[in-house]
>>> print(open('query.tsv').read())   # TSV, C-alpha atoms
chain	number	residue	atom	x	y	z
A	29	MET	CA	0.00	0.00	0.00
A	30	THR	CA	2.85	2.36	0.81
A	31	THR	CA	4.50	1.54	-2.51
A	32	THR	CA	1.31	2.42	-4.41
A	33	ALA	CA	1.04	5.75	-2.62
A	34	ARG	CA	4.64	6.62	-3.51
A	35	THR	CA	4.46	5.54	-7.17
A	36	THR	CA	1.12	7.27	-7.77
A	37	PRO	CA	1.66	10.93	-6.80
A	38	ALA	CA	-0.99	12.36	-4.53
A	39	ARG	CA	-3.04	15.22	-5.95
A	40	VAL	CA	-3.58	17.82	-3.24
A	41	LEU	CA	-5.95	20.77	-3.47
A	42	ILE	CA	-5.27	23.64	-1.07
A	43	ALA	CA	-8.49	25.67	-0.86
A	44	ALA	CA	-8.07	27.76	2.28
A	45	ASP	CA	-9.14	31.23	3.33
A	46	LYS	CA	-6.81	33.86	4.81
A	47	PHE	CA	-5.46	33.76	8.36
A	48	LYS	CA	-6.77	37.18	9.31
A	49	GLY	CA	-4.08	39.43	10.71
A	50	SER	CA	-1.17	37.26	9.62
A	51	LEU	CA	-1.42	35.58	6.19
A	52	THR	CA	-3.39	36.09	3.00
A	53	ALA	CA	-5.10	33.08	1.43
A	54	VAL	CA	-2.36	33.03	-1.21
A	55	GLU	CA	0.35	32.97	1.47
A	56	VAL	CA	-1.45	30.20	3.35
A	57	ALA	CA	-1.38	28.06	0.20
A	58	GLU	CA	2.29	28.86	-0.42
A	59	HIS	CA	3.40	27.84	3.07
A	60	VAL	CA	1.32	24.66	3.17
A	61	THR	CA	2.69	23.74	-0.26
A	62	ALA	CA	6.27	24.28	0.92
A	63	GLY	CA	5.70	22.03	3.90
A	64	ILE	CA	4.10	19.25	1.88
A	65	ARG	CA	6.93	19.30	-0.66
A	66	LYS	CA	9.52	18.71	2.08
A	67	VAL	CA	7.86	15.36	2.82
A	68	ARG	CA	6.28	14.46	-0.52
A	69	PRO	CA	8.18	16.31	-3.27
A	70	GLU	CA	6.41	14.19	-5.88
A	71	ALA	CA	2.92	15.39	-4.82
A	72	GLU	CA	0.89	17.31	-7.39
A	73	ILE	CA	-0.41	20.39	-5.62
A	74	GLU	CA	-3.08	22.80	-6.83
A	75	ALA	CA	-3.66	26.04	-4.91
A	76	LEU	CA	-7.07	27.68	-5.12
A	77	PRO	CA	-7.37	30.46	-2.50
A	78	VAL	CA	-10.98	30.94	-1.39
A	79	ALA	CA	-13.08	33.51	0.48
A	80	ASP	CA	-16.63	33.80	1.77
A	81	GLY	CA	-17.50	37.33	0.64
A	82	GLY	CA	-15.71	39.23	3.41
A	83	ASP	CA	-12.36	40.98	3.31
A	84	GLY	CA	-9.92	39.08	1.12
A	85	THR	CA	-12.53	38.16	-1.48
A	86	VAL	CA	-11.06	40.33	-4.24
A	87	ALA	CA	-7.57	38.99	-3.53
A	88	ALA	CA	-8.87	35.42	-3.82
A	89	ALA	CA	-10.55	36.23	-7.16
A	90	VAL	CA	-7.37	37.83	-8.53
A	91	ALA	CA	-5.33	34.82	-7.41
A	92	ASN	CA	-7.68	32.67	-9.46
A	93	GLY	CA	-7.44	34.55	-12.75
A	94	PHE	CA	-9.59	37.66	-12.39
A	95	GLU	CA	-8.04	41.00	-13.40
A	96	ARG	CA	-7.44	43.52	-10.62
A	97	HIS	CA	-8.81	47.06	-11.10
A	98	GLU	CA	-8.47	50.05	-8.79
A	99	ALA	CA	-10.57	53.16	-8.22
A	100	GLU	CA	-10.38	56.13	-5.88
A	101	VAL	CA	-13.54	56.23	-3.79
A	102	THR	CA	-14.91	57.76	-0.61
A	103	GLY	CA	-13.75	55.94	2.52
A	104	PRO	CA	-15.86	55.36	5.64
A	105	LEU	CA	-14.65	58.64	7.17
A	106	GLY	CA	-15.42	60.62	4.01
A	107	ALA	CA	-11.80	60.93	2.87
A	108	PRO	CA	-10.65	59.34	-0.41
A	109	VAL	CA	-9.22	55.81	-0.38
A	110	THR	CA	-7.97	53.48	-3.10
A	111	ALA	CA	-10.13	50.40	-3.51
A	112	ALA	CA	-9.86	47.36	-5.76
A	113	PHE	CA	-12.31	45.08	-7.53
A	114	ALA	CA	-11.79	42.03	-9.74
A	115	LEU	CA	-13.18	41.47	-13.24
A	116	ARG	CA	-13.31	38.57	-15.67
A	117	ASP	CA	-15.56	38.03	-18.68
A	118	GLY	CA	-18.18	40.53	-17.57
A	119	THR	CA	-18.33	39.27	-13.98
A	120	ALA	CA	-16.99	41.53	-11.25
A	121	VAL	CA	-16.15	40.66	-7.67
A	122	VAL	CA	-16.69	43.78	-5.59
A	123	GLU	CA	-15.78	43.75	-1.91
A	124	MET	CA	-17.47	46.46	0.12
A	125	ALA	CA	-14.69	46.39	2.73
A	126	GLU	CA	-12.29	47.62	0.04
A	127	ALA	CA	-14.16	50.93	0.17
A	128	SER	CA	-15.91	50.94	3.54
A	129	GLY	CA	-14.02	48.50	5.73
A	130	LEU	CA	-12.77	48.78	9.28
A	131	HIS	CA	-9.19	48.62	8.02
A	132	HIS	CA	-9.62	52.13	6.62
A	133	LEU	CA	-10.01	53.56	10.13
A	134	PRO	CA	-6.97	54.71	12.13
A	135	PRO	CA	-6.03	52.35	15.00
A	136	GLY	CA	-8.43	52.77	17.90
A	137	VAL	CA	-10.77	55.07	15.98
A	138	PHE	CA	-14.41	54.06	15.54
A	139	VAL	CA	-17.23	56.14	14.08
A	140	PRO	CA	-20.33	53.95	14.40
A	141	LEU	CA	-22.81	56.79	13.84
A	142	THR	CA	-21.15	58.54	10.89
A	143	ALA	CA	-19.23	55.89	8.91
A	144	THR	CA	-20.55	55.74	5.35
A	145	THR	CA	-20.88	53.18	2.57
A	146	TYR	CA	-20.79	55.90	-0.10
A	147	GLY	CA	-17.51	54.55	-1.45
A	148	ALA	CA	-18.99	51.07	-1.87
A	149	GLY	CA	-21.52	52.59	-4.26
A	150	GLU	CA	-18.75	54.36	-6.16
A	151	LEU	CA	-16.86	51.06	-6.39
A	152	LEU	CA	-19.93	49.32	-7.81
A	153	LEU	CA	-20.22	52.01	-10.47
A	154	ALA	CA	-16.53	51.67	-11.31
A	155	ALA	CA	-17.08	47.95	-11.91
A	156	VAL	CA	-20.08	48.64	-14.15
A	157	GLU	CA	-18.11	51.24	-16.10
A	158	ALA	CA	-15.34	48.65	-16.57
A	159	GLY	CA	-17.81	46.30	-18.23
A	160	ALA	CA	-19.38	44.26	-15.43
A	161	ARG	CA	-22.81	42.82	-16.19
A	162	THR	CA	-22.85	40.52	-13.19
A	163	VAL	CA	-21.57	41.73	-9.82
A	164	ILE	CA	-20.77	39.42	-6.95
A	165	PHE	CA	-21.05	41.89	-4.09
A	166	GLY	CA	-19.07	40.53	-1.16
A	167	VAL	CA	-19.97	42.13	2.14
A	168	GLY	CA	-18.25	41.88	5.52
A	169	GLY	CA	-15.58	43.65	7.55
A	170	SER	CA	-17.46	46.94	7.35
A	171	ALA	CA	-16.93	50.01	9.50
A	172	THR	CA	-20.51	51.07	8.79
A	173	THR	CA	-24.07	50.71	10.06
A	174	ASP	CA	-25.95	52.92	7.61
A	175	GLY	CA	-28.28	50.41	5.97
A	176	GLY	CA	-26.50	50.93	2.67
A	177	VAL	CA	-27.85	54.48	2.36
A	178	GLY	CA	-24.44	55.93	1.48
A	179	MET	CA	-24.08	53.32	-1.26
A	180	LEU	CA	-27.52	54.13	-2.65
A	181	GLN	CA	-26.77	57.85	-2.62
A	182	ALA	CA	-23.59	57.26	-4.61
A	183	LEU	CA	-25.67	55.28	-7.11
A	184	GLY	CA	-28.10	58.17	-7.56
A	185	ALA	CA	-30.85	57.59	-4.98
A	186	ARG	CA	-32.51	60.59	-3.33
A	187	LEU	CA	-32.72	60.04	0.41
A	188	LEU	CA	-33.74	63.41	1.77
A	189	ASP	CA	-34.27	65.29	5.02
A	190	ARG	CA	-37.04	67.82	5.68
A	191	ASP	CA	-35.04	70.55	3.89
A	192	GLY	CA	-34.78	68.47	0.71
A	193	ASP	CA	-31.09	67.74	1.22
A	194	GLN	CA	-29.45	64.32	1.18
A	195	VAL	CA	-29.30	62.91	4.72
A	196	PRO	CA	-25.80	63.12	6.20
A	197	TYR	CA	-23.36	60.23	6.20
A	198	GLY	CA	-23.80	57.35	8.60
A	199	GLY	CA	-26.53	55.49	10.42
A	200	GLY	CA	-27.02	58.34	12.83
A	201	GLY	CA	-28.13	60.58	9.97
A	202	LEU	CA	-31.02	58.26	9.12
A	203	ARG	CA	-33.02	59.85	11.93
A	204	GLU	CA	-33.39	62.87	9.65
A	205	LEU	CA	-34.75	60.89	6.69
A	206	VAL	CA	-38.23	61.96	5.57
A	207	SER	CA	-38.39	60.67	1.98
A	208	GLY	CA	-36.67	58.16	-0.24
A	209	ASP	CA	-36.71	57.89	-4.02
A	210	LEU	CA	-34.86	54.95	-5.59
A	211	SER	CA	-36.19	55.61	-9.10
A	212	THR	CA	-33.28	57.97	-9.68
A	213	LEU	CA	-30.65	55.21	-9.45
A	214	ASP	CA	-28.15	55.10	-12.31
A	215	GLU	CA	-29.89	53.67	-15.39
A	216	ARG	CA	-26.97	51.35	-16.15
A	217	LEU	CA	-27.78	49.31	-13.06
A	218	LYS	CA	-30.96	47.99	-14.69
A	219	ASP	CA	-28.84	45.77	-16.93
A	220	VAL	CA	-26.64	44.47	-14.11
A	221	GLU	CA	-27.32	41.37	-12.03
A	222	VAL	CA	-26.16	41.82	-8.44
A	223	VAL	CA	-25.57	38.84	-6.15
A	224	LEU	CA	-25.24	39.68	-2.46
A	225	ALA	CA	-22.53	37.33	-1.19
A	226	SER	CA	-22.31	37.06	2.59
A	227	ASP	CA	-21.46	34.59	5.32
A	228	VAL	CA	-24.21	35.96	7.60
A	229	ASP	CA	-27.97	35.90	7.20
A	230	ASN	CA	-29.02	38.42	9.85
A	231	PRO	CA	-32.09	40.62	9.34
A	232	LEU	CA	-31.69	44.39	9.30
A	233	THR	CA	-33.11	45.18	12.75
A	234	GLY	CA	-33.99	43.66	16.09
A	235	PRO	CA	-31.95	41.55	18.53
A	236	LYS	CA	-30.26	39.68	15.66
A	237	GLY	CA	-29.96	42.76	13.46
A	238	ALA	CA	-27.04	44.76	12.10
A	239	ALA	CA	-26.77	47.19	15.03
A	240	ALA	CA	-27.36	44.76	17.89
A	241	VAL	CA	-25.06	41.98	16.72
A	242	TYR	CA	-22.27	43.83	14.91
A	243	GLY	CA	-22.50	47.42	16.16
A	244	PRO	CA	-20.35	46.82	19.27
A	245	GLN	CA	-17.55	45.45	17.04
A	246	LYS	CA	-17.56	48.84	15.31
A	247	GLY	CA	-17.34	50.85	18.51
A	248	ALA	CA	-21.06	51.33	19.17
A	249	SER	CA	-22.08	51.81	22.81
A	250	GLU	CA	-25.37	50.46	24.14
A	251	GLU	CA	-26.96	53.85	23.47
A	252	ASP	CA	-25.49	53.90	19.96
A	253	VAL	CA	-26.90	50.43	19.26
A	254	GLU	CA	-30.39	51.53	20.32
A	255	LEU	CA	-30.13	54.68	18.21
A	256	LEU	CA	-28.86	52.82	15.16
A	257	ASP	CA	-31.47	50.08	15.41
A	258	ALA	CA	-34.22	52.69	15.61
A	259	ALA	CA	-32.69	54.58	12.66
A	260	LEU	CA	-32.54	51.44	10.52
A	261	THR	CA	-36.15	50.61	11.44
A	262	HIS	CA	-37.10	54.14	10.36
A	263	LEU	CA	-35.22	53.68	7.07
A	264	ALA	CA	-37.16	50.50	6.26
A	265	GLU	CA	-40.46	52.24	7.07
A	266	VAL	CA	-39.72	55.29	4.90
A	267	LEU	CA	-38.78	53.04	1.96
A	268	ASP	CA	-41.87	50.88	2.60
A	269	ALA	CA	-39.58	47.88	2.80
A	270	THR	CA	-40.14	46.38	6.24
A	271	ARG	CA	-40.52	42.90	4.76
A	272	THR	CA	-37.22	43.23	2.93
A	273	ALA	CA	-35.64	44.29	6.22
A	274	GLU	CA	-36.55	40.87	7.62
A	275	ALA	CA	-34.96	38.99	4.70
A	276	PRO	CA	-31.82	36.88	5.25
A	277	GLY	CA	-28.72	38.97	4.60
A	278	ALA	CA	-30.45	42.34	5.03
A	279	GLY	CA	-28.35	42.98	8.14
A	280	ALA	CA	-25.04	42.03	6.54
A	281	ALA	CA	-22.22	44.58	6.78
A	282	GLY	CA	-24.11	47.16	8.78
A	283	GLY	CA	-27.24	46.77	6.68
A	284	ILE	CA	-25.67	47.27	3.28
A	285	GLY	CA	-27.36	43.97	2.48
A	286	PHE	CA	-30.70	45.74	2.89
A	287	GLY	CA	-29.60	48.52	0.56
A	288	ALA	CA	-28.55	45.98	-2.08
A	289	LEU	CA	-31.77	43.97	-1.76
A	290	VAL	CA	-34.15	46.92	-1.86
A	291	GLY	CA	-32.26	49.20	-4.25
A	292	LEU	CA	-30.37	46.86	-6.57
A	293	LYS	CA	-32.86	43.95	-6.47
A	294	ALA	CA	-29.94	41.76	-5.50
A	295	SER	CA	-30.31	38.06	-4.86
A	296	PHE	CA	-28.79	36.71	-1.65
A	297	ARG	CA	-26.51	33.67	-1.61
A	298	PRO	CA	-23.98	32.37	0.90
A	299	GLY	CA	-20.67	33.92	-0.10
A	300	ILE	CA	-18.67	30.73	-0.17
A	301	GLU	CA	-21.30	29.04	-2.36
A	302	ILE	CA	-21.28	31.63	-5.16
A	303	LEU	CA	-17.52	32.16	-4.98
A	304	MET	CA	-16.78	28.45	-5.18
A	305	GLU	CA	-18.79	28.40	-8.40
A	306	GLU	CA	-16.93	31.35	-9.88
A	307	LEU	CA	-13.51	30.08	-8.83
A	308	GLY	CA	-14.06	26.53	-10.07
A	309	VAL	CA	-13.60	24.87	-6.68
A	310	GLU	CA	-15.80	21.85	-7.34
A	311	ALA	CA	-13.91	20.97	-10.53
A	312	ALA	CA	-10.63	21.27	-8.60
A	313	ILE	CA	-11.98	19.02	-5.85
A	314	ALA	CA	-12.82	16.39	-8.46
A	315	ARG	CA	-9.16	16.36	-9.54
A	316	ALA	CA	-7.83	15.97	-5.98
A	317	SER	CA	-7.16	12.97	-3.78
A	318	LEU	CA	-6.86	15.15	-0.64
A	319	VAL	CA	-8.41	18.57	0.05
A	320	VAL	CA	-6.81	21.01	2.49
A	321	THR	CA	-8.94	23.91	3.67
A	322	GLY	CA	-8.77	26.29	6.62
A	323	GLU	CA	-8.83	29.81	8.06
A	324	GLY	CA	-7.33	31.74	10.94
A	325	SER	CA	-9.79	30.62	13.61
A	326	LEU	CA	-11.64	27.35	13.23
A	327	ASP	CA	-14.60	27.80	15.57
A	328	GLU	CA	-18.39	27.70	15.81
A	329	GLN	CA	-18.71	30.49	13.25
A	330	THR	CA	-16.78	28.35	10.77
A	331	LEU	CA	-19.63	25.86	10.77
A	332	HIS	CA	-22.17	28.47	9.69
A	333	GLY	CA	-21.30	29.58	6.18
A	334	LYS	CA	-17.57	30.22	6.42
A	335	ALA	CA	-15.21	29.14	3.64
A	336	PRO	CA	-13.84	25.91	5.22
A	337	ALA	CA	-17.34	24.57	5.84
A	338	GLY	CA	-18.32	25.26	2.23
A	339	VAL	CA	-15.21	23.58	0.87
A	340	ALA	CA	-15.64	20.58	3.17
A	341	SER	CA	-19.28	20.21	2.15
A	342	ALA	CA	-18.39	20.21	-1.55
A	343	ALA	CA	-15.57	17.73	-0.95
A	344	GLY	CA	-17.96	15.49	0.97
A	345	ARG	CA	-20.33	15.40	-2.00
A	346	ALA	CA	-17.39	14.28	-4.13
A	347	ASP	CA	-16.33	11.72	-1.50
A	348	LYS	CA	-12.90	13.34	-1.08
A	349	PRO	CA	-11.08	13.45	2.29
A	350	VAL	CA	-10.63	16.87	3.90
A	351	VAL	CA	-8.20	18.18	6.50
A	352	ALA	CA	-7.96	21.73	7.78
A	353	VAL	CA	-5.22	24.11	8.84
A	354	CYS	CA	-5.84	27.01	11.19
A	355	GLY	CA	-4.20	29.38	13.59
A	356	ARG	CA	-6.52	28.49	16.43
A	357	LEU	CA	-8.84	25.51	16.91
A	358	ALA	CA	-11.90	26.13	19.10
A	359	ILE	CA	-14.17	23.20	18.21
A	360	GLY	CA	-13.91	19.52	19.01
A	361	LYS	CA	-13.40	16.43	16.90
A	362	LYS	CA	-17.13	15.68	16.88
A	363	GLU	CA	-17.97	19.07	15.37
A	364	LEU	CA	-15.14	18.75	12.86
A	365	ARG	CA	-16.35	15.34	11.73
A	366	ALA	CA	-19.91	16.65	11.42
A	367	ALA	CA	-18.59	19.37	9.13
A	368	GLY	CA	-16.78	16.79	7.01
A	369	ILE	CA	-13.28	17.58	8.24
A	370	GLN	CA	-11.20	14.54	9.23
A	371	GLN	CA	-8.53	16.39	11.15
A	372	ALA	CA	-7.48	19.95	11.94
A	373	TYR	CA	-3.93	21.22	12.46
A	374	ALA	CA	-3.62	24.37	14.57
A	375	LEU	CA	-0.56	26.59	14.75
A	376	THR	CA	-1.17	27.09	18.48
A	377	GLU	CA	-0.45	23.39	18.97
A	378	LEU	CA	3.10	24.13	17.83
A	379	GLU	CA	3.42	27.57	19.43
A	380	PRO	CA	1.03	28.27	22.35
A	381	ASP	CA	2.08	31.95	22.59
A	382	VAL	CA	-0.54	33.66	20.40
A	383	GLU	CA	1.56	36.73	19.58
A	384	ARG	CA	4.49	34.59	18.45
A	385	CYS	CA	2.09	32.32	16.62
A	386	ILE	CA	0.80	35.28	14.58
A	387	ALA	CA	4.28	36.68	13.98
A	388	GLU	CA	5.70	33.32	12.89
A	389	ALA	CA	2.59	32.02	11.11
A	390	GLY	CA	4.41	31.26	7.85
A	391	PRO	CA	7.16	28.98	9.19
A	392	LEU	CA	4.71	27.32	11.56
A	393	LEU	CA	2.32	26.61	8.72
A	394	GLU	CA	5.14	24.95	6.77
A	395	ARG	CA	5.65	22.62	9.72
A	396	VAL	CA	1.93	21.91	9.69
A	397	GLY	CA	2.19	21.12	5.97
A	398	GLU	CA	4.96	18.60	6.73
A	399	GLN	CA	2.86	16.95	9.42
A	400	LEU	CA	-0.32	16.63	7.38
A	401	ALA	CA	1.70	15.24	4.47
A	402	ALA	CA	3.23	12.60	6.74
A	403	ASP	CA	-0.20	11.74	8.15
A	404	HIS	CA	-2.30	11.69	4.99
A	405	LEU	CA	-0.04	11.26	1.95
>>> encode(input="query.tsv", output="structure tokens")
Amino acid sequence: MTTTARTTPARVLIAADKFKGSLTAVEVAEHVTAGIRKVRPEAEIEALPVADGGDGTVAAAVANGFERHEAEVTGPLGAPVTAAFALRDGTAVVEMAEASGLHHLPPGVFVPLTATTYGAGELLLAAVEAGARTVIFGVGGSATTDGGVGMLQALGARLLDRDGDQVPYGGGGLRELVSGDLSTLDERLKDVEVVLASDVDNPLTGPKGAAAVYGPQKGASEEDVELLDAALTHLAEVLDATRTAEAPGAGAAGGIGFGALVGLKASFRPGIEILMEELGVEAAIARASLVVTGEGSLDEQTLHGKAPAGVASAAGRADKPVVAVCGRLAIGKKELRAAGIQQAYALTELEPDVERCIAEAGPLLERVGEQLAADHL
């Protein structure tokens, strides 16, 4: 049996997400590949970086053959930032965090009431102007809780206060909204299909809504959360879209999901599902004898729509074994098996000090690659 394994080279697919804060998805694949090759130099390895719609989605698309484009847009604080999107054959991958993400805020600075998604709308238009007819709109990692109003304003919507002026940036400004007209959206959008790609299915408002669940991560106090939730409720009422506000994904990325659903007539799909289709993951799985997936923290959230769960599910349908790599492992063997993952290799098992683990993630991941190759190839 050992002889057969050595004379028939293993075909390994590395389809992992980023290790947030330490390694991109491309770097994860590179380090795992290096480790495997030390033990099984004859192995045939295919790297297919993946993402679930959040930050890192454009990078994953570019790594898989999409062309990178850049545009100067309005950042969450109102100042200009450079944002990227990916384009291939009329399909664009647009990541709202590129324009309106938390990473655009200075360290320790949060603006939960005034952060805007205006730049995300500008980025969508840039993709359309570049030739996109289908837009995969990845949402996550946002600094905003404005219900997508900034985005809609950038696309031409009239969302006005009692003086007939556009409401100010941010979720806090929605208190001043008295009328909304979406008929003035850019005409070119009528010919564009928008797919809202997210790893969360929260509604817009309420205890599971955008403000209550994600507002504190963006610096919102308890009072801010109450204010923002009331403002988002008011937005849905003014636009006569309270049913849309309850739809899965409406609360994604500070409610930009709601803006996309009500204004762009977007369809909602789990991010990893639509991105696996576009990146050709299932075809790559069919070619593999072992699938390696992973992300920075393998935990309960992983099991609910994150990239590793999507990859493992697809591999299970193809009856291919799956192992995972991660920085931190916070679920047990039973949960892993239920998700279709045979074994998980965590960097913290090699280096318990978290700070050192993050700083030395690359070399540690190569050691993990050596170990999984010895165990499974």
>>> residues_around(input="query.tsv", residues="Pro380 in chain A", least_positions_apart="4", cutoff="12 Å", atoms="only C-alpha atoms", output="short mmCIF file (atom, residue, chain, number, x, y, z; two decimals) with C-alpha atoms, in the coordinates of the input")
data_model
loop_
_atom_site.label_atom_id
_atom_site.label_comp_id
_atom_site.auth_asym_id
_atom_site.auth_seq_id
_atom_site.Cartn_x
_atom_site.Cartn_y
_atom_site.Cartn_z
CA GLY A 355 -4.20 29.38 13.59
CA ARG A 356 -6.52 28.49 16.43
CA LEU A 357 -8.84 25.51 16.91
CA ALA A 374 -3.62 24.37 14.57
CA LEU A 375 -0.56 26.59 14.75
CA THR A 376 -1.17 27.09 18.48
CA ARG A 384 4.49 34.59 18.45
CA CYS A 385 2.09 32.32 16.62
CA ILE A 386 0.80 35.28 14.58
CA GLU A 388 5.70 33.32 12.89
CA ALA A 389 2.59 32.02 11.11
CA LEU A 392 4.71 27.32 11.56
#
>>> axis_aligned_box(input="query.tsv", around="range 242-250 of chain A", padding_each_side="6 Å", output="lines of an AutoDock Vina configuration file")
center_x = -21.4
center_y = 47.8
center_z = 19.5
size_x = 20.0
size_y = 20.0
size_z = 21.2
>>> closest_residue(input="query.tsv", among="A:Arg345, A:Arg271, A:Lys246, A:Arg365", to="Val137 in chain A", atoms="all atoms listed in the file")
A:Lys246
>>> residues_around(input="query.tsv", residues="range 65-72 of chain A", least_positions_apart="6", cutoff="8 Å", atoms="all atoms listed in the file", output="ChimeraX atom specification")
/A:37-40,398,401-402,405
>>> closest_residue(input="query.tsv", among="A:Gly103, A:Gly147, A:Gly166, A:Pro349", to="His131 in chain A", atoms="only C-alpha atoms")
A:Gly103
>>> residues_around(input="query.tsv", residues="Ala107 in chain A", least_positions_apart="5", cutoff="12 Å", atoms="all atoms listed in the file", output="PyMOL selection string")
chain A and resi 100-102+127-128+132-133+143-147
>>> closest_residue(input="query.tsv", among="A:Gly344, A:Gly82, A:Pro77, A:Gly176", to="Ala314 in chain A", atoms="only C-alpha atoms")
A:Gly344
>>> atom_distance(input="query.tsv", atom1="CA of Arg190 in chain A", atom2="CA of Glu150 in chain A")
25.6 Å
>>> closest_residue(input="query.tsv", among="A:Thr36, A:His332, A:Gly234, A:Leu76", to="Ile313 in chain A", atoms="all atoms listed in the file")
A:Leu76
>>> closest_residue(input="query.tsv", among="A:His59, A:Asp257, A:Leu224, A:Arg161", to="Ala240 in chain A", atoms="only C-alpha atoms")
A:Asp257
>>> closest_residue(input="query.tsv", among="A:Val228, A:Val109, A:Val222, A:Leu188", to="Leu210 in chain A", atoms="only C-alpha atoms")
A:Leu188
>>> atom_distance(input="query.tsv", atom1="CA of Val156 in chain A", atom2="CA of Lys48 in chain A")
29.3 Å
>>> atom_distance(input="query.tsv", atom1="CA of Ala154 in chain A", atom2="CA of Gln245 in chain A")
29.0 Å
>>> residues_around(input="query.tsv", residues="Gly149 in chain A", least_positions_apart="5", cutoff="6 Å", atoms="only C-alpha atoms", output="list in words")
Met179, Ala182 and Leu183 of chain A
>>> decode(input="query.tsv", residues="range 167-181 of chain A", atoms="N, CA, C and O atoms", output="compact mmCIF listing (two decimals), in the first residue's frame")
# COMPACT_ATOMS: atom_id res chain seq x y z
N VAL A 167 -19.81 41.19 1.04
CA VAL A 167 -19.97 42.13 2.14
C VAL A 167 -19.46 41.52 3.44
O VAL A 167 -19.64 40.33 3.70
N GLY A 168 -18.83 42.32 4.26
CA GLY A 168 -18.25 41.88 5.52
C GLY A 168 -17.07 42.78 5.85
O GLY A 168 -16.52 43.44 4.97
N GLY A 169 -16.71 42.83 7.12
CA GLY A 169 -15.58 43.65 7.55
C GLY A 169 -15.84 45.13 7.48
O GLY A 169 -14.91 45.94 7.38
N SER A 170 -17.12 45.52 7.54
CA SER A 170 -17.46 46.94 7.35
C SER A 170 -17.25 47.76 8.61
O SER A 170 -17.34 47.26 9.73
N ALA A 171 -17.01 49.05 8.40
CA ALA A 171 -16.93 50.01 9.50
C ALA A 171 -18.27 50.69 9.72
O ALA A 171 -18.40 51.55 10.59
N THR A 172 -19.27 50.30 8.95
CA THR A 172 -20.51 51.07 8.79
C THR A 172 -21.73 50.37 9.36
O THR A 172 -21.78 49.16 9.48
N THR A 173 -22.74 51.21 9.69
CA THR A 173 -24.07 50.71 10.06
C THR A 173 -25.09 51.70 9.52
O THR A 173 -25.84 52.31 10.27
N ASP A 174 -25.08 51.90 8.20
CA ASP A 174 -25.95 52.92 7.61
C ASP A 174 -27.04 52.35 6.71
O ASP A 174 -27.69 53.08 5.96
N GLY A 175 -27.23 51.01 6.78
CA GLY A 175 -28.28 50.41 5.97
C GLY A 175 -28.04 50.49 4.47
O GLY A 175 -28.96 50.26 3.68
N GLY A 176 -26.81 50.80 4.09
CA GLY A 176 -26.50 50.93 2.67
C GLY A 176 -26.94 52.24 2.06
O GLY A 176 -26.88 52.42 0.84
N VAL A 177 -27.36 53.20 2.89
CA VAL A 177 -27.85 54.48 2.36
C VAL A 177 -26.75 55.23 1.63
O VAL A 177 -26.98 55.81 0.55
N GLY A 178 -25.54 55.26 2.18
CA GLY A 178 -24.44 55.93 1.48
C GLY A 178 -24.22 55.33 0.10
O GLY A 178 -24.05 56.05 -0.89
N MET A 179 -24.22 53.99 0.03
CA MET A 179 -24.08 53.32 -1.26
C MET A 179 -25.16 53.74 -2.23
O MET A 179 -24.89 54.07 -3.39
N LEU A 180 -26.41 53.76 -1.78
CA LEU A 180 -27.52 54.13 -2.65
C LEU A 180 -27.42 55.58 -3.11
O LEU A 180 -27.73 55.90 -4.26
N GLN A 181 -26.96 56.45 -2.23
CA GLN A 181 -26.77 57.85 -2.62
C GLN A 181 -25.73 57.97 -3.72
O GLN A 181 -25.90 58.72 -4.69
